[in-house]
Amino acid sequence: MNRLAVQFEHVSKTYRLFKLEDISFSLPTGSIMGFIGTNGAGKSTCIRILMGLVHQEAGHVKVLGQPMPAQQAKAKEDIGFVSEDLRLYKAATLEWHMNFIASIYPSWDATYAKHLLQSFDLKAKQQIKGLSHGQRVKAALLLVLAHRPKLLVLDEPTTGLDPIARSEVLGELMQVLTDEERTVFFSSQNTLDVEQISDQITFINQGKIIDSSDKESYLERWRRIQLEIPDGTTLTPRPEVISSSGTGRLITITTNQFSPALTAAYTATGVIIHAIEAMTLEEIFIANVKHHKQAVSA
Amino acid sequence: MHSNFLISQTDGRPMYLQIMQQIKQHIAVGDWAAGQEIPSIRQLAADLRVSVITVKRAYLELEREGIIFTQHGKGSRVALEPSIQPQLHQQELQTHLQEAARLSKLLGLETEELVAQLRQQLQNT
């Protein structure tokens, strides 16, 4: 049994003005990964490669145990994919779409589909063209969720949704995970959503993965520490520290490798520690991107 | 089902600590009895809309503290003799002592004065 639902190994793809470089990450079966990046960072290209829609030039991609793009037809039987450009027929009703998908996938679960209609506040008789953006996103999600794919791939599922719709969507995504054989991969610009429901987090920036690990260790590794430098002591630069701010006696440093050893090392040199603060995923993301920008320009 | 869990994104404490605290409270007030089966990690995660990995961490820490136990494939239960009541009271005492120390500093009280007041309180209860 393959315990990795998605695996990227050293994947590259070059376009005229953009390239994906050496992309590696893996997503264990039964978990949910949030894929975070700014606009144009390469999220959608990665998703297209994952789906076999774009072919990588180098590196290996395996999805549900199948090599991509070679075995994409086989892999796709068990994938539910919702892209940003929702491919729905405007003139048809949601019910028509439901019957259509049900005719393709023997695994279609009509009871679950009914439950989703209620939970997403949608009407089956409604024509797609009469739906708002949020309703279309929920309709597209309903269509993929109800055939119970082993892997859900969602490109920005919560972008443009109002708070109620977002909460409904996140709730249904978490319901999917009650089955430990099912896996979710979703991209997002909304770090709050990712922080709330993800098990695994991957940051992508300018075509490169800048960090990828499980959420708990992420949040544990990053801290902001406020230090007081008394007269006669100097702050020795440390490799764990990625940025510092402040010019007086009070300095705030940011570390991505926090441990009690770090604070002990400071205290040993006479530096006083005033506060150690955990960071939100949003703060971590921004600090991470800035840090990598500086590393590139240095 | 678990709407009686109070989890806050604006709370400064990590999510797994909040979940641990809420579970301890359910046990302390008797909602969850000794030996009773508690929600599976995935079910609680879905109900609270919180990552599976976060709930898993809370459960692991609670196991380490001897408050719950997990049998593989059979789910998790409240420990038969959860040593939770004293522990919770200890935590509460700690918080109040810290607060007392802070206030007496603000008031400029001598240690003896504070101790005398505490003694007074002990006699009154």
# chains A, B, ... in the order shown; residues from 1 in each chain; ligands from 1

call {"tool": "interface_residues", "arguments": {"of": "chain B", "to": "chain A", "cutoff": "7 Å", "atoms": "only C-alpha atoms", "output": "list in words"}}
result
Arg42, Gln43, Ala46, Arg49, Val50, Ser51, Val52, Ile53 and Thr54 of chain B

call {"tool": "residues_around", "arguments": {"residues": "region 29-40 of chain B", "least_positions_apart": "5", "cutoff": "6 Å", "atoms": "only C-alpha atoms", "output": "CSV table (one decimal) with N, CA and C atoms, in the first residue's frame"}}
result
chain,number,residue,atom,x,y,z
B,75,GLY,N,-9.8,3.3,19.3
B,75,GLY,CA,-10.1,4.6,19.7
B,75,GLY,C,-9.5,5.0,21.1
B,76,SER,N,-9.9,6.1,21.5
B,76,SER,CA,-9.3,6.7,22.8
B,76,SER,C,-10.4,6.7,23.9
B,77,ARG,N,-10.0,6.5,25.1
B,77,ARG,CA,-10.9,6.6,26.3
B,77,ARG,C,-10.3,7.5,27.4
B,78,VAL,N,-11.1,7.9,28.2
B,78,VAL,CA,-10.7,8.6,29.4
B,78,VAL,C,-10.0,7.6,30.3
B,79,ALA,N,-8.9,7.9,30.9
B,79,ALA,CA,-8.2,7.0,31.8
B,79,ALA,C,-9.1,6.6,33.0
B,80,LEU,N,-8.9,5.4,33.5
B,80,LEU,CA,-9.8,4.9,34.6
B,80,LEU,C,-9.7,5.8,35.8

call {"tool": "select_by_dssp", "arguments": {"residues": "region 54-100 of chain B", "states": "helix (DSSP H, G or I)", "output": "PDB file with C-alpha atoms, in the first residue's frame"}}
result
ATOM      1  CA  THR B  54      -3.200  19.359  15.814  1.00  0.00           C
ATOM      2  CA  VAL B  55      -5.801  17.149  17.498  1.00  0.00           C
ATOM      3  CA  LYS B  56      -3.373  14.217  17.266  1.00  0.00           C
ATOM      4  CA  ARG B  57      -0.780  16.241  19.128  1.00  0.00           C
ATOM      5  CA  ALA B  58      -3.261  17.167  21.863  1.00  0.00           C
ATOM      6  CA  TYR B  59      -4.205  13.484  22.293  1.00  0.00           C
ATOM      7  CA  LEU B  60      -0.546  12.401  22.448  1.00  0.00           C
ATOM      8  CA  GLU B  61       0.200  14.953  25.155  1.00  0.00           C
ATOM      9  CA  LEU B  62      -2.891  13.899  27.117  1.00  0.00           C
ATOM     10  CA  GLU B  63      -1.773  10.278  26.869  1.00  0.00           C
ATOM     11  CA  ARG B  64       1.635  11.239  28.174  1.00  0.00           C
ATOM     12  CA  ILE B  84      -7.017  15.485  36.591  1.00  0.00           C
ATOM     13  CA  GLN B  85      -8.797  17.221  39.431  1.00  0.00           C
ATOM     14  CA  PRO B  86      -5.693  17.876  41.565  1.00  0.00           C
ATOM     15  CA  GLN B  87      -3.780  18.860  38.493  1.00  0.00           C
ATOM     16  CA  LEU B  88      -6.363  21.405  37.389  1.00  0.00           C
ATOM     17  CA  HIS B  89      -6.584  22.852  40.880  1.00  0.00           C
ATOM     18  CA  GLN B  90      -2.808  23.061  41.036  1.00  0.00           C
ATOM     19  CA  GLN B  91      -2.831  25.033  37.797  1.00  0.00           C
ATOM     20  CA  GLU B  92      -5.505  27.354  39.102  1.00  0.00           C
ATOM     21  CA  LEU B  93      -3.634  27.916  42.358  1.00  0.00           C
ATOM     22  CA  GLN B  94      -0.500  28.759  40.404  1.00  0.00           C
ATOM     23  CA  THR B  95      -2.376  31.393  38.404  1.00  0.00           C
ATOM     24  CA  HIS B  96      -3.834  33.016  41.497  1.00  0.00           C
ATOM     25  CA  LEU B  97      -0.510  33.013  43.322  1.00  0.00           C
ATOM     26  CA  GLN B  98       1.131  34.728  40.378  1.00  0.00           C
ATOM     27  CA  GLU B  99      -1.624  37.306  40.387  1.00  0.00           C
ATOM     28  CA  ALA B 100      -1.275  37.830  44.148  1.00  0.00           C
TER      29      ALA B 100
END

call {"tool": "closest_residue", "arguments": {"among": "A:Phe8, A:Tyr112, A:Tyr89, A:Phe100", "to": "Gly130 (chain A)", "atoms": "only C-alpha atoms"}}
result
A:Tyr89

call {"tool": "closest_residue", "arguments": {"among": "A:Ile23, A:Asn99, A:Leu152, A:Arg16", "to": "Leu64 (chain A)", "atoms": "only C-alpha atoms"}}
result
A:Leu152

call {"tool": "atom_distance", "arguments": {"atom1": "CA of Phe203 (chain A)", "atom2": "CA of Val54 (chain A)"}}
result
20.7 Å

call {"tool": "residues_around", "arguments": {"residues": "region 147-151 of chain A", "least_positions_apart": "3", "cutoff": "12 Å", "atoms": "only C-alpha atoms", "output": "PyMOL selection string"}}
result
chain A and resi 4-6+27-33+50-51+63-65+75-82+98-113+116+140-144+154+173+175-177+179-186

call {"tool": "closest_residue", "arguments": {"among": "A:Val271, A:Val137, A:Ala146, A:Ala265", "to": "Thr159 (chain A)", "atoms": "only C-alpha atoms"}}
result
A:Val137

call {"tool": "select_by_dssp", "arguments": {"residues": "chain B", "states": "strand (DSSP E or B)", "output": "list in words"}}
result
Glu37, Ile38, Ile68, Phe69, Thr70, Gln71, Gly75, Ser76, Arg77 and Val78 of chain B

call {"tool": "write_last_selection", "arguments": {"atoms": "N, CA and C atoms", "output": "mmCIF file, in the first residue's frame"}}
result
data_model
loop_
_atom_site.group_PDB
_atom_site.id
_atom_site.type_symbol
_atom_site.label_atom_id
_atom_site.label_comp_id
_atom_site.auth_asym_id
_atom_site.auth_seq_id
_atom_site.Cartn_x
_atom_site.Cartn_y
_atom_site.Cartn_z
ATOM 1 N N GLU B 37 -15.505 6.317 26.223
ATOM 2 C CA GLU B 37 -14.891 6.522 24.916
ATOM 3 C C GLU B 37 -15.023 7.992 24.531
ATOM 4 N N ILE B 38 -13.961 8.556 23.984
ATOM 5 C CA ILE B 38 -14.018 9.952 23.541
ATOM 6 C C ILE B 38 -13.935 9.984 22.014
ATOM 7 N N ILE B 68 -5.767 10.351 29.141
ATOM 8 C CA ILE B 68 -6.536 9.461 28.259
ATOM 9 C C ILE B 68 -5.622 8.305 27.856
ATOM 10 N N PHE B 69 -6.192 7.245 27.306
ATOM 11 C CA PHE B 69 -5.356 6.204 26.715
ATOM 12 C C PHE B 69 -5.961 5.751 25.398
ATOM 13 N N THR B 70 -5.095 5.328 24.496
ATOM 14 C CA THR B 70 -5.531 4.955 23.156
ATOM 15 C C THR B 70 -5.173 3.506 22.905
ATOM 16 N N GLN B 71 -6.182 2.725 22.475
ATOM 17 C CA GLN B 71 -5.902 1.350 22.073
ATOM 18 C C GLN B 71 -5.937 1.348 20.562
ATOM 19 N N GLY B 75 -9.752 3.259 19.270
ATOM 20 C CA GLY B 75 -10.053 4.623 19.687
ATOM 21 C C GLY B 75 -9.505 4.974 21.055
ATOM 22 N N SER B 76 -9.877 6.149 21.534
ATOM 23 C CA SER B 76 -9.332 6.670 22.785
ATOM 24 C C SER B 76 -10.400 6.718 23.866
ATOM 25 N N ARG B 77 -9.971 6.544 25.096
ATOM 26 C CA ARG B 77 -10.871 6.605 26.254
ATOM 27 C C ARG B 77 -10.259 7.458 27.351
ATOM 28 N N VAL B 78 -11.137 7.934 28.227
ATOM 29 C CA VAL B 78 -10.674 8.638 29.414
ATOM 30 C C VAL B 78 -10.014 7.600 30.331
#
